[in-house]
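Participant: Dumping the structure here so I can ask a few things about it.
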Amino acid sequence: MSSSLTVSLLLVVALADPGHPTRRTLRSRLNPDCDETCRGRNVTTLHLSADGPNDTLHYLWDFIGNPSVLLALTPPSTSLNISWEDYLARRENSVHFSEKPTYSFGMIINKIIEFNDVNDTALIDTADIANMNVLHLEYFNWQRVSLTQNNDFVYLNMEGNSYHDTAKNISRYGSIKLSLRGFCTLDHADIVPHMLHTENSTQIDIILDNLQTNETFSNSRFAIELLMVGGGDPDILMFVDPKKSLDDEHTPGIFEIVEVRTPPYRELNGALNGGAYLQWRPVSYNSALRDVTSSTETMQYSPKRISKYTNAVKNSMLYCYYGNATNLLLQKLTISLGSKGDGFYKKTNYLTWTFIIGYGTPPEERFSSLVIMIISIGLGLPLLIMVITGLYLCIRRMPKQHGNVYLSR
Amino acid sequence: MEGGVVESSVSTETNRWEDEMALQGCCSPKKMPYRFLGLALMCLLGFGSYFCFDNPGALQDNFKTDLDMSTSTFVLLYSIYSWPNIILCFIGGFLLDSVFGIRLGTIIYMGLTLIGQIIFACGAMFNIFWLMMLGRFVFGIGAESLAVAQNSYAVLWFKGKELNMVFGLQLSFARVGSTVNFLVMEPIYNYVSNYYKGPECIGIVLFLAAGTCVMSMICACILGLMDKRAERLLRRGEGQEPQVVSLKDVKDFKPIFWLIALICIAYYVAIFPFIALGKVFFERKYEYDPSAANMVNSLVYSISAIASPILGYLVDRIGKNVLWVFISICMTIFAHGLLAFTYLNPYVCMVLMGLAYSMLASSLWPLIALVTPEHQLGTAYGIAQAVQNLGLAVVSIVAGIIVDKGGYLMLEMFFLAWLWVSLITAGAIWIMDAATSSGYLNMTPGQRERYEMLRCTPESLEREKLLSECTADFSADGLMQPQSDISIRNRYLSRIGAMVPPHAVTPIHRALR
C-alpha cells in the first residue's frame, strides 16, 4: 500500500499546479520545554509553527483530555509558553504567546456519537435520545504511534484504545486513530481523499477502527461532533457551503467539497477578515484500501450555538488558552458517517473521515495539467485530422479539375 | 426424408417438381410465415444462454450467503466465462465454417451451453467450487460460440432485406433474456427456499434456469430442420464446389473487416465498462439514490431492447450503414461529453447513449456480412466477437484502476479517447469503401441492388436464373474475394463471354430471400 501511496504522491506532486508563491518554514516541537514534568507521563502536545514573511502561524495539537487543535496567527518570531503544571491540571491561561495573536481559533473533537439508524436514513435524529450513545474522546487511552518531523511536513499519528467511561462505567474495545498533518506548501495530501491543503492548514484524519457498538442497536452508525471555539462574531453561525465540481480527479468518485467558514472577525485596524475554515470531501471509506468501491458518504448538519462552556471545553487545551474569556465564538458541528444502503458500520467495522482546518481562504481545486492536456489533445487532434483531410481532398481534387478543364478544351 | 441423398436423375426430377410445389405452398421458405417462424426461433435460441449468463448476478447475495462466497470468488464466476472467450469464440466460429456447418454447429454449441449450466448447477448443489467454475467455463464456450452461430444464421436467412432489423431483434431479445432473469430469479429462489435450504436451494434454482436452455435447445433443433428444408427447396449451395475453409483465409479478410473489428473494440469498451461502473457515478455526481441510479444506469439496455429492432428496420430501408455508424459514434461522444463536463440531467445523456448504442449495434454488425464471403461468416463473426471480448476484459480492469486512481472525470476522458479512435476508424472505413468498392457499404438498398445488377450483367445476360443469385451476394463474395484464383478466372471468362463451367458459376452459398 505504501508503494502505491508513494506512486500516487509522486503523481500528485508532479501534477500539482505550481504558482502559489508563499511557503512557510515549519518548526515543530513535542511537549515544548517540558522536561521534568512530562517524564514518565503520557503527554502528547505538539507545537507547530509555520513562519511566513509577515506572520507566524501556530498550531497546537493536544491529546490530553479531548483531542483539540489551536490555531493562532501572530506577528513573526512570537514564541509560545506553556506553564506545564497548570497546563496538565487544565487551568486557565496556562498557554500564552509572547505577543498577542491577531487571530486565534480552536477546535475540539468533542464526541463520537453512535446512533441506531432504524430506518436506514443515514441521518442522525438528535431528538431521539434512546437511539443514541455518546462516546467522549477523553475516555480513550491515547498513545503516540509515530511522529515524523522535518522542514516540509509534520505527521503525528495517535491511537486511542480501551475506552472506559468512568462516569457511566462503560467500556468498549476498538480504537480511534487520529492522524494530524502540517504542511508548508500548497499541495494535495498523499492519502485519499487527497485533500488540497495550503501552507496555512492542518489535515486531520479520523479512523474508527473496529469500534464496539451498542449491542442493543441493530443498525449502528457513527457521527462526529466538533466544537469550535475562538475569534469571530459569536452571534453569526458558521457558514456551511457544499460546492459541486466536475472534477473528481483527486478524490475519485467524489464531486463535492464542503467548506465551513467561521464568521469574519474584525482586525485591529478595523478591516474584516475571513478567519478560519474547515474543508472536507463528503466521503468516508469503510476499508483501509480507500478505493471507490469502499467509499460511503458523510452528511453535515447546520452548526449550533452553545451558550456556555461545557465540561468538554473545560477539559481541553483550549480552556488553558482561552480561560473564561467572554464574547467567544462557541458552536458545534455534527457530521454523520455513512449513507443509505451502505450496510451500516457493522459491514466492515471501519470508517474514516478526513478534513482540513486552516486559516484564510480555502484553496480552489482546479483541473490538473494532465486533464487539461488530455482535453486539448482530444479537441486538437480531430481538428488537425480535419484540416489534414481537408487539405488532402483539396489537393486530390485539384488535378482532377485540371484534367476536366483540359478535356473540355 | 429431409435431404436424403438422391441418386438417379429421374427421382431428382420428381423431387424437383415436389419442391416447386412446396415452394408455392404456405410453408414455402420464401414466404413470410416460414421466415418469421425462423426469426422467432433464432431469437429464442439465444434466450437460454442470456438468461443463464446472469443467474449468479441476479442471486448475488444468495450465492454469497448460501455458498459462503466472498465477492472476489464470486467475480471469478464471471471471469471464467469471459477470459477464455477471448480466443475460444474465434475457434468456435472457425469450426462452424470448417467442420460442423451451421446447423450441427448451433446444436453442438447449444448443447455445450446446456451441459455447462447443468454442471454449474451440480457444482452449486454440492457446493464444489471447482465444479461450478468448470460449469461456467463450458457454458461460456457454448454461449459465446452460439452467439456467433446465431449471427451466421441471421445472415444466411435475412441478408439483403431485413438483416439490420434481425440483428436489432436478436440484440433486444438478448436484453429481454437477461432482464427476465433479473426479474424472476429472486422470486423463484424465494419459492424454492421454502422447501430446500443452502446449496441445495441454489442448485435447484439453477436447474430450473437450465430449463430455458432446454427450450433453446429445442429451438436449435427445429431451426436446424427448417434450415435443411429451406436449403433443399431453394437449392441453396447446389452445384457448388465445396469451399475449403482454412485458418489461412483470415489473412485474406478485407482491410475494412479489420477496421470494423477495431470499432467493435473501441466503441464497446466505452459502453459496457462504463455501465459496470456507472451506478456509483450517478449516485455520487448526481446524488441519485441507489434505485434511481440503477434505473438511469440500465437505461442503455432498456432502450436498446426497444429501439434496436426499430432502428434496424430504419437502416434496412435507408441503407447507408457507414453513415449510421458514424452518426451513432458522434452521438455517443456527445453523450459521454455531457456526462463528463456538465451537470445536465443524466437521463438525457443516457437516452442519447442508448439510442446511439442501438443504432450502432444494428448497423455495424451487418457490415461484416457485407464484406465477408458467406463460407467465412462464422470465422469473421467469431473474430469480431473475440476481439470485442478481449477489449472488454482488458478495459474493464483498466477502467476500475482509472476510477480508483484518477476518478470518474479521468474515466470519462478515457472513454472519450476510445470513442475518438472508433470515430476515426469509421471515417477510415468510409473513405476506404469509397475508394475501393465505390461506396458499396454506404449505399441505399436500391443503389446496392442497381450496383449489383450492373456487376452481374455479363452473366445475367446469359442466364436469367443467375440474376437472383448475383444480386444476393455478389459484392461480398465476388468482389471481396479476389484472392481465389478460380473466381478470378471465372469472372474473366464471363467477361469475355465464354461458357463458365456450370458447377463453378457461383462459388458461394446463396442467401435465403
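Chain labels A, B, ... are given in the sequence in which chains occur in the C-alpha cells; within each chain residues are numbered consecutively from 1, and ligands are likewise numbered from 1 in the order shown.
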Hey, which bits of chain A sit within 6 Å of chain B, and for each residue what's the closest pair of atoms and how far apart in Å (one decimal), counting only C-alpha atoms, rows by chain and increasing number, as a tab-separated table?
Facilitator:
```
residue	atom	partner	partner_atom	distance
A:Asp247	CA	B:Leu409	CA	5.9
A:Asp248	CA	B:Gly407	CA	5.2
A:Glu249	CA	B:Gly407	CA	4.6
A:Pro252	CA	B:Gly407	CA	3.6
A:Gly253	CA	B:Gly407	CA	5.5
A:Phe255	CA	B:Lys285	CA	5.6
A:Asp291	CA	B:Asp404	CA	5.4
A:Val292	CA	B:Asp404	CA	5.7
```
Participant: Extract, using only C-alpha atoms, all DNA, RNA and protein residues at most 9 Å from Leu67 (chain B), discarding same-chain residues fewer than 4 positions from it, and format them as a list in words.
Facilitator: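 That gives Asn62, Phe63, Ala124, Asn127, Phe129, Gly198, Pro199 and Ile202 of chain B.
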Participant: Please provide as a ChimeraX atom specification all residues within 8 Å of region 101-108 of chain A, with the sequence filter that same-chain residues fewer than 4 positions apart are discarded (counting only C-alpha atoms).
Facilitator: /A:66-75,97,226-231,267-268,275-276,313,316,318
Participant: Create the file for the chosen residues now, containing N, CA, C and O atoms and written as a compact mmCIF listing (two decimals), in the first residue's frame.
Facilitator:
```
# COMPACT_ATOMS: atom_id res chain seq x y z
N ASN A 66 -9.80 15.87 25.81
CA ASN A 66 -10.33 15.75 24.45
C ASN A 66 -9.30 16.23 23.44
O ASN A 66 -8.70 17.29 23.63
N PRO A 67 -9.11 15.47 22.35
CA PRO A 67 -8.17 15.92 21.33
C PRO A 67 -8.59 17.28 20.80
O PRO A 67 -9.76 17.51 20.50
N SER A 68 -7.65 18.21 20.72
CA SER A 68 -8.02 19.54 20.28
C SER A 68 -6.88 20.19 19.52
O SER A 68 -5.73 19.78 19.61
N VAL A 69 -7.25 21.17 18.74
CA VAL A 69 -6.29 21.90 17.92
C VAL A 69 -6.49 23.39 18.15
O VAL A 69 -7.62 23.87 18.16
N LEU A 70 -5.40 24.08 18.37
CA LEU A 70 -5.48 25.55 18.47
C LEU A 70 -4.68 26.13 17.32
O LEU A 70 -3.57 25.68 17.03
N LEU A 71 -5.27 27.14 16.70
CA LEU A 71 -4.62 27.81 15.57
C LEU A 71 -4.49 29.27 15.97
O LEU A 71 -5.46 29.87 16.42
N ALA A 72 -3.29 29.83 15.87
CA ALA A 72 -3.13 31.24 16.25
C ALA A 72 -2.22 31.94 15.26
O ALA A 72 -1.18 31.40 14.86
N LEU A 73 -2.64 33.13 14.85
CA LEU A 73 -1.84 33.92 13.92
C LEU A 73 -1.18 35.04 14.71
O LEU A 73 -1.86 35.85 15.35
N THR A 74 0.12 35.05 14.69
CA THR A 74 0.84 36.05 15.49
C THR A 74 1.83 36.79 14.61
O THR A 74 2.15 36.35 13.51
N PRO A 75 2.33 37.92 15.09
CA PRO A 75 3.45 38.56 14.39
C PRO A 75 4.64 37.62 14.36
O PRO A 75 4.71 36.69 15.17
N PHE A 97 1.06 33.34 24.39
CA PHE A 97 2.05 33.71 23.38
C PHE A 97 2.76 34.97 23.84
O PHE A 97 2.20 35.81 24.55
N LEU A 226 -17.89 18.17 16.39
CA LEU A 226 -16.76 19.07 16.59
C LEU A 226 -17.25 20.30 17.34
O LEU A 226 -18.38 20.73 17.16
N LEU A 227 -16.37 20.83 18.14
CA LEU A 227 -16.73 22.05 18.88
C LEU A 227 -15.74 23.12 18.47
O LEU A 227 -14.53 22.89 18.50
N MET A 228 -16.25 24.25 18.03
CA MET A 228 -15.39 25.33 17.58
C MET A 228 -15.39 26.44 18.62
O MET A 228 -16.45 26.87 19.07
N VAL A 229 -14.23 26.89 18.95
CA VAL A 229 -14.09 27.94 19.94
C VAL A 229 -13.13 28.96 19.35
O VAL A 229 -12.12 28.58 18.76
N GLY A 230 -13.43 30.25 19.49
CA GLY A 230 -12.41 31.18 19.04
C GLY A 230 -12.92 32.51 18.56
O GLY A 230 -14.04 32.93 18.89
N GLY A 231 -12.07 33.17 17.75
CA GLY A 231 -12.37 34.51 17.28
C GLY A 231 -13.49 34.52 16.27
O GLY A 231 -13.81 33.50 15.68
N GLU A 267 -10.24 42.97 12.42
CA GLU A 267 -8.84 43.13 12.79
C GLU A 267 -8.66 44.41 13.60
O GLU A 267 -9.56 45.24 13.68
N LEU A 268 -7.45 44.56 14.14
CA LEU A 268 -7.18 45.73 14.98
C LEU A 268 -7.36 47.03 14.19
O LEU A 268 -7.88 48.03 14.69
N GLY A 275 -10.94 34.79 8.69
CA GLY A 275 -10.76 33.85 9.77
C GLY A 275 -10.43 32.46 9.29
O GLY A 275 -9.74 32.28 8.30
N ALA A 276 -10.97 31.47 10.01
CA ALA A 276 -10.56 30.09 9.76
C ALA A 276 -11.59 29.36 8.91
O ALA A 276 -12.70 29.84 8.71
N VAL A 313 -15.15 21.54 26.97
CA VAL A 313 -14.19 22.63 26.75
C VAL A 313 -13.27 22.76 27.95
O VAL A 313 -12.06 22.92 27.84
N SER A 316 -10.15 20.61 28.08
CA SER A 316 -9.31 20.56 26.89
C SER A 316 -8.27 21.67 26.95
O SER A 316 -8.34 22.58 27.77
N LEU A 318 -7.98 24.01 25.01
CA LEU A 318 -8.50 25.33 24.63
C LEU A 318 -8.83 26.18 25.86
O LEU A 318 -8.68 27.40 25.86
```
Participant: Could you tell me which of B:Asn164, B:Leu112, B:Leu225, B:Gly439 comes closest to Leu364 (chain B) if we count only C-alpha atoms?
Facilitator: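 Closest to Leu364 (chain B), using only C-alpha atoms: B:Asn164.
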Participant: Apply DSSP to the structure's backbone, then extract all residues of region 45-112 of chain A labelled strand (DSSP E) and return them as a count of residues only.
Facilitator: 37
Participant: From the set B:Arg175, B:Arg103, B:Lys279, B:Arg136, which residue has the shortest atom-to-atom contact distance to Ala149 (chain B), counting only C-alpha atoms?
Facilitator: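 The shortest atom-to-atom distance to Ala149 (chain B) comes from B:Arg103.
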Participant: Which polymer residues have any atom within 10 Å of an atom of Arg281 (chain A), counting only C-alpha atoms, with same-chain residues fewer than 3 positions away left out, as a ChimeraX atom specification?
Facilitator: /A:193-195,242-243,251,254-259,284,297-298,353-356
Participant: Please identify the alpha helix (DSSP H) residues within region 68-164 of chain B (assignment by DSSP from backbone atoms) and present them as a PyMOL selection string.
Facilitator: chain B and resi 71-82+85-95+101-125+129-158+163-164
Participant: Set the distance at 8 Å and use only C-alpha atoms: which residues neighbour Gln300 (chain A) once local chain neighbours fewer than 6 positions away are removed? I'd like the list as a list in words.
Facilitator: Leu333, Thr334, Ile335 and Ser336 of chain A
Participant: Please report the interatomic distance between CA of Pro84 (chain B) and CA of Gly391 (chain B) in Å with one decimal.
Facilitator: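 So the two atoms, CA of Pro84 (chain B) and CA of Gly391 (chain B), lie 13.0 Å apart.
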Participant: What lies within 7 Å of Phe47 (chain B) using only C-alpha atoms, ignoring chain neighbours under 4 positions off, as a PyMOL selection string?
Facilitator: chain B and resi 43+51+173-174+177+216
Participant: If you count only C-alpha atoms, which residues fall within 12 Å of Trp83 (chain B), apart from same-chain ones fewer than 2 positions away, as a PyMOL selection string?
Facilitator: chain B and resi 76-81+85-89+136-137+140-141+144+386-394+396-397
